[in-house]
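Source file run.csv; content: CSV, N, CA and C atoms.
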chain,number,residue,atom,x,y,z
N,2,MET,N,-25.8,70.0,17.0
N,2,MET,CA,-24.9,69.4,16.0
N,2,MET,C,-25.1,67.9,15.8
N,3,GLY,N,-25.8,67.3,16.6
N,3,GLY,CA,-26.1,65.9,16.5
N,3,GLY,C,-26.9,65.6,15.2
N,4,ARG,N,-27.8,66.4,14.9
N,4,ARG,CA,-28.6,66.2,13.7
N,4,ARG,C,-27.8,66.4,12.5
N,5,MET,N,-26.9,67.3,12.4
N,5,MET,CA,-26.1,67.6,11.3
N,5,MET,C,-25.2,66.4,11.0
N,6,SER,N,-24.6,65.9,12.1
N,6,SER,CA,-23.7,64.7,11.9
N,6,SER,C,-24.4,63.5,11.5
N,7,GLU,N,-25.7,63.3,12.0
N,7,GLU,CA,-26.5,62.2,11.5
N,7,GLU,C,-26.9,62.4,10.1
N,8,LEU,N,-27.2,63.6,9.7
N,8,LEU,CA,-27.6,63.8,8.3
N,8,LEU,C,-26.4,63.6,7.4
N,9,ASP,N,-25.2,64.0,7.8
N,9,ASP,CA,-24.0,63.9,7.1
N,9,ASP,C,-23.7,62.4,6.9
N,10,ALA,N,-23.9,61.6,7.9
N,10,ALA,CA,-23.6,60.1,7.8
N,10,ALA,C,-24.6,59.5,6.9
N,11,GLN,N,-25.9,59.9,6.9
N,11,GLN,CA,-26.9,59.3,6.0
N,11,GLN,C,-26.5,59.7,4.5
N,12,ILE,N,-26.1,60.9,4.3
N,12,ILE,CA,-25.7,61.3,2.9
N,12,ILE,C,-24.5,60.5,2.4
N,13,LYS,N,-23.5,60.3,3.3
N,13,LYS,CA,-22.4,59.4,2.9
N,13,LYS,C,-22.9,58.0,2.6
N,14,GLU,N,-23.7,57.5,3.4
N,14,GLU,CA,-24.3,56.1,3.2
N,14,GLU,C,-25.0,56.0,1.9
N,15,LEU,N,-25.8,57.1,1.6
N,15,LEU,CA,-26.6,57.1,0.4
N,15,LEU,C,-25.7,57.2,-0.9
N,16,ARG,N,-24.6,58.0,-0.8
N,16,ARG,CA,-23.6,58.0,-1.8
N,16,ARG,C,-22.9,56.6,-2.0
N,17,THR,N,-22.6,56.0,-0.9
N,17,THR,CA,-22.0,54.6,-1.0
N,17,THR,C,-22.9,53.7,-1.7
N,18,CYS,N,-24.2,53.7,-1.3
N,18,CYS,CA,-25.2,52.8,-1.9
N,18,CYS,C,-25.3,53.1,-3.4
N,19,GLY,N,-25.3,54.4,-3.8
N,19,GLY,CA,-25.4,54.8,-5.2
N,19,GLY,C,-24.1,54.2,-6.0
N,20,GLU,N,-23.0,54.4,-5.4
N,20,GLU,CA,-21.8,53.8,-6.1
N,20,GLU,C,-21.8,52.3,-6.2
N,21,THR,N,-22.4,51.7,-5.2
N,21,THR,CA,-22.5,50.2,-5.2
N,21,THR,C,-23.5,49.8,-6.3
N,22,ILE,N,-24.6,50.5,-6.5
N,22,ILE,CA,-25.6,50.2,-7.5
N,22,ILE,C,-24.9,50.4,-8.9
N,23,ILE,N,-24.2,51.5,-9.1
N,23,ILE,CA,-23.5,51.8,-10.3
N,23,ILE,C,-22.5,50.7,-10.6
N,24,GLY,N,-21.8,50.2,-9.6
N,24,GLY,CA,-20.8,49.1,-9.8
N,24,GLY,C,-21.5,47.8,-10.2
N,25,ILE,N,-22.7,47.5,-9.6
N,25,ILE,CA,-23.4,46.3,-10.0
N,25,ILE,C,-23.9,46.5,-11.4
N,26,ALA,N,-24.5,47.6,-11.8
N,26,ALA,CA,-24.9,47.9,-13.1
N,26,ALA,C,-23.8,47.7,-14.2
N,27,ASP,N,-22.6,48.2,-13.9
N,27,ASP,CA,-21.5,48.1,-14.8
N,27,ASP,C,-21.1,46.6,-14.9
N,28,ALA,N,-21.1,45.9,-13.8
N,28,ALA,CA,-20.7,44.5,-13.8
N,28,ALA,C,-21.7,43.6,-14.7
N,29,LEU,N,-23.0,43.9,-14.5
N,29,LEU,CA,-24.0,43.2,-15.2
N,29,LEU,C,-23.9,43.5,-16.7
N,30,THR,N,-23.7,44.8,-17.0
N,30,THR,CA,-23.5,45.2,-18.4
N,30,THR,C,-22.4,44.5,-19.1
N,31,GLU,N,-21.3,44.4,-18.4
N,31,GLU,CA,-20.1,43.7,-18.9
N,31,GLU,C,-20.4,42.2,-19.1
N,32,MET,N,-21.0,41.7,-18.1
N,32,MET,CA,-21.3,40.2,-18.1
N,32,MET,C,-22.2,39.9,-19.3
N,33,PHE,N,-23.3,40.6,-19.5
N,33,PHE,CA,-24.2,40.3,-20.6
N,33,PHE,C,-23.6,40.7,-22.0
N,34,THR,N,-22.8,41.7,-22.0
N,34,THR,CA,-22.2,42.1,-23.3
N,34,THR,C,-21.2,41.0,-23.7
N,35,SER,N,-20.4,40.5,-22.8
N,35,SER,CA,-19.4,39.4,-23.1
N,35,SER,C,-20.1,38.2,-23.5
N,36,GLN,N,-21.3,37.8,-22.9
N,36,GLN,CA,-22.0,36.6,-23.2
N,36,GLN,C,-22.6,36.8,-24.6
N,37,ALA,N,-23.1,38.0,-25.0
N,37,ALA,CA,-23.7,38.2,-26.3
N,37,ALA,C,-22.6,38.1,-27.4
N,38,GLU,N,-21.4,38.6,-27.1
N,38,GLU,CA,-20.3,38.4,-28.0
N,38,GLU,C,-19.9,37.0,-28.3
N,39,GLU,N,-20.0,36.2,-27.2
N,39,GLU,CA,-19.6,34.8,-27.3
N,39,GLU,C,-20.6,34.0,-28.2
N,40,LYS,N,-21.9,34.4,-28.1
N,40,LYS,CA,-23.0,33.7,-28.8
N,40,LYS,C,-23.0,34.0,-30.3
N,41,GLU,N,-22.6,35.3,-30.6
N,41,GLU,CA,-22.6,35.7,-32.0
N,41,GLU,C,-21.3,35.3,-32.7
N,42,PRO,N,-21.4,34.5,-33.8
N,42,PRO,CA,-20.2,34.1,-34.5
N,42,PRO,C,-19.6,35.3,-35.2
N,43,PRO,N,-18.3,35.4,-35.3
N,43,PRO,CA,-17.7,36.5,-35.9
N,43,PRO,C,-18.1,36.6,-37.4
N,44,LYS,N,-18.4,37.8,-37.8
N,44,LYS,CA,-18.9,37.9,-39.2
N,44,LYS,C,-17.7,37.9,-40.1
N,45,GLU,N,-17.7,37.0,-41.1
N,45,GLU,CA,-16.6,36.8,-42.0
N,45,GLU,C,-17.1,37.3,-43.4
N,46,LYS,N,-16.2,37.8,-44.1
N,46,LYS,CA,-16.4,38.3,-45.4
N,46,LYS,C,-16.7,37.0,-46.3
N,47,PRO,N,-17.7,37.0,-47.1
N,47,PRO,CA,-17.9,35.8,-47.9
N,47,PRO,C,-16.7,35.6,-48.8
N,48,LYS,N,-16.4,34.3,-48.9
N,48,LYS,CA,-15.2,33.9,-49.7
N,48,LYS,C,-15.5,34.1,-51.2
N,49,THR,N,-14.6,34.8,-51.9
N,49,THR,CA,-14.8,34.9,-53.4
N,49,THR,C,-14.4,33.6,-54.0
N,50,PRO,N,-15.3,33.0,-54.9
N,50,PRO,CA,-15.0,31.7,-55.5
N,50,PRO,C,-13.7,31.8,-56.3
N,51,SER,N,-13.0,30.7,-56.3
N,51,SER,CA,-11.7,30.7,-57.1
N,51,SER,C,-12.1,30.3,-58.5
N,52,PHE,N,-11.2,30.5,-59.4
N,52,PHE,CA,-11.4,30.1,-60.8
N,52,PHE,C,-11.7,28.6,-60.9
N,53,GLU,N,-11.0,27.8,-60.1
N,53,GLU,CA,-11.3,26.4,-60.2
N,53,GLU,C,-12.7,26.0,-59.7
N,54,ASP,N,-13.2,26.7,-58.7
N,54,ASP,CA,-14.5,26.5,-58.2
N,54,ASP,C,-15.5,26.9,-59.3
N,55,VAL,N,-15.3,28.0,-60.0
N,55,VAL,CA,-16.2,28.5,-61.0
N,55,VAL,C,-16.2,27.5,-62.2
N,56,ARG,N,-15.0,27.1,-62.6
N,56,ARG,CA,-14.9,26.2,-63.8
N,56,ARG,C,-15.6,24.9,-63.5
N,57,HIS,N,-15.4,24.4,-62.2
N,57,HIS,CA,-16.0,23.1,-61.9
N,57,HIS,C,-17.5,23.2,-61.9
N,58,ARG,N,-18.1,24.2,-61.3
N,58,ARG,CA,-19.5,24.4,-61.3
N,58,ARG,C,-20.1,24.6,-62.7
N,59,MET,N,-19.4,25.4,-63.5
N,59,MET,CA,-19.9,25.7,-64.9
N,59,MET,C,-19.8,24.4,-65.7
N,60,THR,N,-18.8,23.6,-65.5
N,60,THR,CA,-18.7,22.3,-66.2
N,60,THR,C,-19.9,21.4,-65.8
N,61,LEU,N,-20.2,21.3,-64.5
N,61,LEU,CA,-21.3,20.5,-64.1
N,61,LEU,C,-22.6,20.9,-64.7
N,62,ILE,N,-22.8,22.2,-64.7
N,62,ILE,CA,-24.1,22.8,-65.2
N,62,ILE,C,-24.1,22.5,-66.7
N,63,ALA,N,-23.0,22.7,-67.5
N,63,ALA,CA,-23.0,22.4,-68.9
N,63,ALA,C,-23.3,20.9,-69.1
N,64,GLN,N,-22.7,20.0,-68.3
N,64,GLN,CA,-22.9,18.6,-68.5
N,64,GLN,C,-24.3,18.2,-68.1
N,65,ALA,N,-25.0,19.0,-67.4
N,65,ALA,CA,-26.4,18.7,-67.0
N,65,ALA,C,-27.3,19.1,-68.1
N,66,GLY,N,-26.8,19.5,-69.3
N,66,GLY,CA,-27.7,19.9,-70.4
N,66,GLY,C,-27.8,21.4,-70.7
N,67,PHE,N,-27.0,22.2,-70.1
N,67,PHE,CA,-27.1,23.6,-70.2
N,67,PHE,C,-25.8,24.2,-70.9
N,68,SER,N,-25.2,23.4,-71.8
N,68,SER,CA,-24.0,23.9,-72.4
N,68,SER,C,-24.1,25.2,-73.2
N,69,ALA,N,-25.2,25.3,-74.0
N,69,ALA,CA,-25.4,26.5,-74.8
N,69,ALA,C,-25.6,27.7,-73.9
N,70,GLU,N,-26.3,27.5,-72.8
N,70,GLU,CA,-26.6,28.6,-71.8
N,70,GLU,C,-25.4,29.0,-71.1
N,71,VAL,N,-24.5,28.1,-70.8
N,71,VAL,CA,-23.2,28.4,-70.1
N,71,VAL,C,-22.4,29.3,-71.1
N,72,LYS,N,-22.3,28.8,-72.3
N,72,LYS,CA,-21.6,29.6,-73.3
N,72,LYS,C,-22.1,31.0,-73.5
N,73,ALA,N,-23.5,31.1,-73.5
N,73,ALA,CA,-24.1,32.4,-73.6
N,73,ALA,C,-23.8,33.3,-72.4
N,74,LEU,N,-23.7,32.7,-71.2
N,74,LEU,CA,-23.4,33.5,-70.0
N,74,LEU,C,-22.0,34.0,-70.1
N,75,ILE,N,-21.1,33.2,-70.5
N,75,ILE,CA,-19.7,33.6,-70.7
N,75,ILE,C,-19.6,34.8,-71.6
N,76,THR,N,-20.3,34.7,-72.7
N,76,THR,CA,-20.4,35.8,-73.7
N,76,THR,C,-21.0,37.1,-73.0
N,77,LYS,N,-22.1,36.8,-72.3
N,77,LYS,CA,-22.8,37.9,-71.6
N,77,LYS,C,-21.8,38.7,-70.7
N,78,TYR,N,-20.9,38.0,-70.1
N,78,TYR,CA,-19.9,38.6,-69.2
N,78,TYR,C,-18.7,39.2,-69.9
N,79,GLY,N,-18.9,39.3,-71.3
N,79,GLY,CA,-17.8,40.0,-72.1
N,79,GLY,C,-16.6,39.2,-72.3
N,80,ALA,N,-16.7,37.9,-72.4
N,80,ALA,CA,-15.5,37.0,-72.5
N,80,ALA,C,-15.8,36.0,-73.6
N,81,LYS,N,-14.7,35.5,-74.2
N,81,LYS,CA,-14.8,34.4,-75.1
N,81,LYS,C,-14.6,33.1,-74.5
N,82,LYS,N,-13.9,33.1,-73.3
N,82,LYS,CA,-13.7,31.9,-72.6
N,82,LYS,C,-13.8,32.2,-71.1
N,83,LEU,N,-14.0,31.2,-70.3
N,83,LEU,CA,-14.2,31.4,-68.8
N,83,LEU,C,-13.1,32.1,-68.2
N,84,SER,N,-11.9,31.8,-68.6
N,84,SER,CA,-10.7,32.4,-67.9
N,84,SER,C,-10.5,33.9,-68.2
N,85,ASP,N,-11.3,34.4,-69.2
N,85,ASP,CA,-11.2,35.8,-69.5
N,85,ASP,C,-12.1,36.7,-68.6
N,86,ILE,N,-13.0,36.0,-67.8
N,86,ILE,CA,-13.9,36.8,-66.9
N,86,ILE,C,-13.1,37.2,-65.7
N,87,ASP,N,-13.4,38.5,-65.3
N,87,ASP,CA,-12.8,39.1,-64.1
N,87,ASP,C,-13.3,38.3,-62.9
N,88,PRO,N,-12.3,38.0,-62.0
N,88,PRO,CA,-12.7,37.3,-60.7
N,88,PRO,C,-13.8,38.0,-59.9
N,89,SER,N,-13.8,39.3,-60.0
N,89,SER,CA,-14.8,40.1,-59.2
N,89,SER,C,-16.3,39.8,-59.7
N,90,GLN,N,-16.4,39.2,-60.9
N,90,GLN,CA,-17.7,38.9,-61.5
N,90,GLN,C,-18.1,37.4,-61.3
N,91,TYR,N,-17.2,36.6,-60.6
N,91,TYR,CA,-17.5,35.2,-60.5
N,91,TYR,C,-18.8,34.9,-59.7
N,92,GLU,N,-19.0,35.7,-58.6
N,92,GLU,CA,-20.2,35.5,-57.8
N,92,GLU,C,-21.5,35.7,-58.6
N,93,GLY,N,-21.6,36.7,-59.4
N,93,GLY,CA,-22.8,37.0,-60.2
N,93,GLY,C,-22.9,36.0,-61.3
N,94,LEU,N,-21.8,35.6,-61.9
N,94,LEU,CA,-21.8,34.5,-62.9
N,94,LEU,C,-22.4,33.2,-62.4
N,95,LEU,N,-21.9,32.8,-61.2
N,95,LEU,CA,-22.4,31.6,-60.6
N,95,LEU,C,-23.8,31.6,-60.2
N,96,LYS,N,-24.3,32.8,-59.7
N,96,LYS,CA,-25.7,33.0,-59.4
N,96,LYS,C,-26.6,32.7,-60.6
N,97,GLU,N,-26.2,33.3,-61.7
N,97,GLU,CA,-26.9,33.2,-62.9
N,97,GLU,C,-26.9,31.8,-63.5
N,98,ALA,N,-25.7,31.2,-63.4
N,98,ALA,CA,-25.5,29.8,-63.9
N,98,ALA,C,-26.3,28.8,-63.0
N,99,ASP,N,-26.3,29.0,-61.7
N,99,ASP,CA,-27.1,28.2,-60.8
N,99,ASP,C,-28.6,28.3,-61.1
N,100,ALA,N,-29.0,29.5,-61.6
N,100,ALA,CA,-30.4,29.7,-61.9
N,100,ALA,C,-30.8,28.8,-63.1
N,101,LEU,N,-29.9,28.5,-64.0
N,101,LEU,CA,-30.2,27.7,-65.1
N,101,LEU,C,-30.6,26.3,-64.7
N,102,GLY,N,-29.9,25.8,-63.8
N,102,GLY,CA,-30.3,24.4,-63.3
N,102,GLY,C,-29.1,23.9,-62.5
N,103,LYS,N,-29.4,23.4,-61.4
N,103,LYS,CA,-28.3,22.8,-60.6
N,103,LYS,C,-28.2,21.3,-60.8
N,104,PRO,N,-27.0,20.8,-61.1
N,104,PRO,CA,-26.9,19.4,-61.2
N,104,PRO,C,-27.1,18.7,-59.8
N,105,GLU,N,-27.6,17.6,-59.8
N,105,GLU,CA,-27.9,16.9,-58.5
N,105,GLU,C,-26.6,16.7,-57.8
N,106,ASP,N,-26.5,16.8,-56.5
N,106,ASP,CA,-25.3,16.5,-55.7
N,106,ASP,C,-24.9,15.0,-55.9
N,107,GLY,N,-23.6,14.9,-56.1
N,107,GLY,CA,-23.1,13.5,-56.3
N,107,GLY,C,-22.8,13.2,-57.7
N,108,ASN,N,-23.3,14.0,-58.7
N,108,ASN,CA,-23.0,13.8,-60.1
N,108,ASN,C,-21.9,14.6,-60.6
N,109,ASP,N,-20.9,14.9,-59.7
N,109,ASP,CA,-19.8,15.8,-60.1
N,109,ASP,C,-18.6,15.0,-60.6
N,110,GLY,N,-18.8,13.8,-61.0
N,110,GLY,CA,-17.7,13.1,-61.6
N,110,GLY,C,-16.7,12.6,-60.6
So, in terms of structure tokens, how does the structure I just supplied come out?
Amino acid sequence: MGRMSELDAQIKELRTCGETIIGIADALTEMFTSQAEEKEPPKEKPKTPSFEDVRHRMTLIAQAGFSAEVKALITKYGAKKLSDIDPSQYEGLLKEADALGKPEDGNDG
């Protein structure tokens, strides 16, 4: 029976080692996961431009010599005036307006 009890003790020790290794693996996983989360900034939804932001940028672009193009863009978006444009379309409108020509920084009155 000496060999059986020795074998039983070794099996128990092997199981304890396995549990220890699993515990270490879990701790390392948690440590690296929390570090990765700290390094990654939280993803925020891009802010929808306000009417005031759009009006300001469109005014600057018009003053930079693109007045006719700005009016054409407003018409293209199905409106007679800027305030008639749906806010959900502001981002696309600004993208197209910026493509016309960006006024230099600092010339915003």
Query raised in the report: Neighbours of range 82-86 of chain N within 10 Å (only C-alpha atoms; same-chain residues fewer than 3 positions away dropped), as a ChimeraX atom specification?
Result: /N:52-53,55-56,59,71-72,74-76,78-79,89-91,94
**Report entry** Per-residue DSSP, range 40-97 of chain N, filtered to helix (DSSP H, G or I), as a ChimeraX atom specification
**Finding:** /N:40,52-77,83-85,88-97
Emit the selected residues as a compact mmCIF listing (two decimals), in the frame of the given file, including N, CA and C atoms.
# COMPACT_ATOMS: atom_id res chain seq x y z
N LYS N 40 -21.90 34.40 -28.10
CA LYS N 40 -23.00 33.70 -28.80
C LYS N 40 -23.00 34.00 -30.30
N PHE N 52 -11.20 30.50 -59.40
CA PHE N 52 -11.40 30.10 -60.80
C PHE N 52 -11.70 28.60 -60.90
N GLU N 53 -11.00 27.80 -60.10
CA GLU N 53 -11.30 26.40 -60.20
C GLU N 53 -12.70 26.00 -59.70
N ASP N 54 -13.20 26.70 -58.70
CA ASP N 54 -14.50 26.50 -58.20
C ASP N 54 -15.50 26.90 -59.30
N VAL N 55 -15.30 28.00 -60.00
CA VAL N 55 -16.20 28.50 -61.00
C VAL N 55 -16.20 27.50 -62.20
N ARG N 56 -15.00 27.10 -62.60
CA ARG N 56 -14.90 26.20 -63.80
C ARG N 56 -15.60 24.90 -63.50
N HIS N 57 -15.40 24.40 -62.20
CA HIS N 57 -16.00 23.10 -61.90
C HIS N 57 -17.50 23.20 -61.90
N ARG N 58 -18.10 24.20 -61.30
CA ARG N 58 -19.50 24.40 -61.30
C ARG N 58 -20.10 24.60 -62.70
N MET N 59 -19.40 25.40 -63.50
CA MET N 59 -19.90 25.70 -64.90
C MET N 59 -19.80 24.40 -65.70
N THR N 60 -18.80 23.60 -65.50
CA THR N 60 -18.70 22.30 -66.20
C THR N 60 -19.90 21.40 -65.80
N LEU N 61 -20.20 21.30 -64.50
CA LEU N 61 -21.30 20.50 -64.10
C LEU N 61 -22.60 20.90 -64.70
N ILE N 62 -22.80 22.20 -64.70
CA ILE N 62 -24.10 22.80 -65.20
C ILE N 62 -24.10 22.50 -66.70
N ALA N 63 -23.00 22.70 -67.50
CA ALA N 63 -23.00 22.40 -68.90
C ALA N 63 -23.30 20.90 -69.10
N GLN N 64 -22.70 20.00 -68.30
CA GLN N 64 -22.90 18.60 -68.50
C GLN N 64 -24.30 18.20 -68.10
N ALA N 65 -25.00 19.00 -67.40
CA ALA N 65 -26.40 18.70 -67.00
C ALA N 65 -27.30 19.10 -68.10
N GLY N 66 -26.80 19.50 -69.30
CA GLY N 66 -27.70 19.90 -70.40
C GLY N 66 -27.80 21.40 -70.70
N PHE N 67 -27.00 22.20 -70.10
CA PHE N 67 -27.10 23.60 -70.20
C PHE N 67 -25.80 24.20 -70.90
N SER N 68 -25.20 23.40 -71.80
CA SER N 68 -24.00 23.90 -72.40
C SER N 68 -24.10 25.20 -73.20
N ALA N 69 -25.20 25.30 -74.00
CA ALA N 69 -25.40 26.50 -74.80
C ALA N 69 -25.60 27.70 -73.90
N GLU N 70 -26.30 27.50 -72.80
CA GLU N 70 -26.60 28.60 -71.80
C GLU N 70 -25.40 29.00 -71.10
N VAL N 71 -24.50 28.10 -70.80
CA VAL N 71 -23.20 28.40 -70.10
C VAL N 71 -22.40 29.30 -71.10
N LYS N 72 -22.30 28.80 -72.30
CA LYS N 72 -21.60 29.60 -73.30
C LYS N 72 -22.10 31.00 -73.50
N ALA N 73 -23.50 31.10 -73.50
CA ALA N 73 -24.10 32.40 -73.60
C ALA N 73 -23.80 33.30 -72.40
N LEU N 74 -23.70 32.70 -71.20
CA LEU N 74 -23.40 33.50 -70.00
C LEU N 74 -22.00 34.00 -70.10
N ILE N 75 -21.10 33.20 -70.50
CA ILE N 75 -19.70 33.60 -70.70
C ILE N 75 -19.60 34.80 -71.60
N THR N 76 -20.30 34.70 -72.70
CA THR N 76 -20.40 35.80 -73.70
C THR N 76 -21.00 37.10 -73.00
N LYS N 77 -22.10 36.80 -72.30
CA LYS N 77 -22.80 37.90 -71.60
C LYS N 77 -21.80 38.70 -70.70
N LEU N 83 -14.00 31.20 -70.30
CA LEU N 83 -14.20 31.40 -68.80
C LEU N 83 -13.10 32.10 -68.20
N SER N 84 -11.90 31.80 -68.60
CA SER N 84 -10.70 32.40 -67.90
C SER N 84 -10.50 33.90 -68.20
N ASP N 85 -11.30 34.40 -69.20
CA ASP N 85 -11.20 35.80 -69.50
C ASP N 85 -12.10 36.70 -68.60
N PRO N 88 -12.30 38.00 -62.00
CA PRO N 88 -12.70 37.30 -60.70
C PRO N 88 -13.80 38.00 -59.90
N SER N 89 -13.80 39.30 -60.00
CA SER N 89 -14.80 40.10 -59.20
C SER N 89 -16.30 39.80 -59.70
N GLN N 90 -16.40 39.20 -60.90
CA GLN N 90 -17.70 38.90 -61.50
C GLN N 90 -18.10 37.40 -61.30
N TYR N 91 -17.20 36.60 -60.60
CA TYR N 91 -17.50 35.20 -60.50
C TYR N 91 -18.80 34.90 -59.70
N GLU N 92 -19.00 35.70 -58.60
CA GLU N 92 -20.20 35.50 -57.80
C GLU N 92 -21.50 35.70 -58.60
N GLY N 93 -21.60 36.70 -59.40
CA GLY N 93 -22.80 37.00 -60.20
C GLY N 93 -22.90 36.00 -61.30
N LEU N 94 -21.80 35.60 -61.90
CA LEU N 94 -21.80 34.50 -62.90
C LEU N 94 -22.40 33.20 -62.40
N LEU N 95 -21.90 32.80 -61.20
CA LEU N 95 -22.40 31.60 -60.60
C LEU N 95 -23.80 31.60 -60.20
N LYS N 96 -24.30 32.80 -59.70
CA LYS N 96 -25.70 33.00 -59.40
C LYS N 96 -26.60 32.70 -60.60
N GLU N 97 -26.20 33.30 -61.70
CA GLU N 97 -26.90 33.20 -62.90
C GLU N 97 -26.90 31.80 -63.50
Query raised in the report: In Å, how far is it from CA of Gly102 in chain N to CA of Asp54 in chain N?
Result: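 It comes out at 16.7 Å.
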Requested in this report: Between CA of Ala73 in chain N and CA of Lys96 in chain N, measure the distance and give it in Å to one decimal.
Outcome: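 So the answer is 14.3 Å.
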Proximity of range 28-72 of chain N to range 4-23 of chain N: per-residue shortest pair, 12 Å limit, only C-alpha atoms, as a tab-separated table:
residue	atom	partner	partner_atom	distance
N:Ala28	CA	N:Ile23	CA	8.6
N:Leu29	CA	N:Ile23	CA	9.9
N:Thr30	CA	N:Ile23	CA	10.4
Requested in this report: Select all residues near (-26.7, 25.0, -67.7) (cut-off 6 Å, inclusive, file coordinates), counting all atoms listed in the file, and output them as a list in words.
Outcome: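 It turns out the residues near that spot are Ile62, Ala63, Ala65, Gly66, Phe67, Ser68, Glu70, Val71, Leu101 and Gly102 of chain N.
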**Report entry** Point-to-point distance in Å for CA of Glu45 in chain N and CA of Asp87 in chain N
**Finding:**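 Calculated distance between CA of Asp87 in chain N and CA of Glu45 in chain N is 22.5 Å.
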Query raised in the report: Between N:Thr34, N:Gln64, N:Ala26, N:Pro88, which has the minimum distance to Ser51 in chain N (counting only C-alpha atoms)?
Result: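 The closest residue to Ser51 in chain N is N:Pro88.
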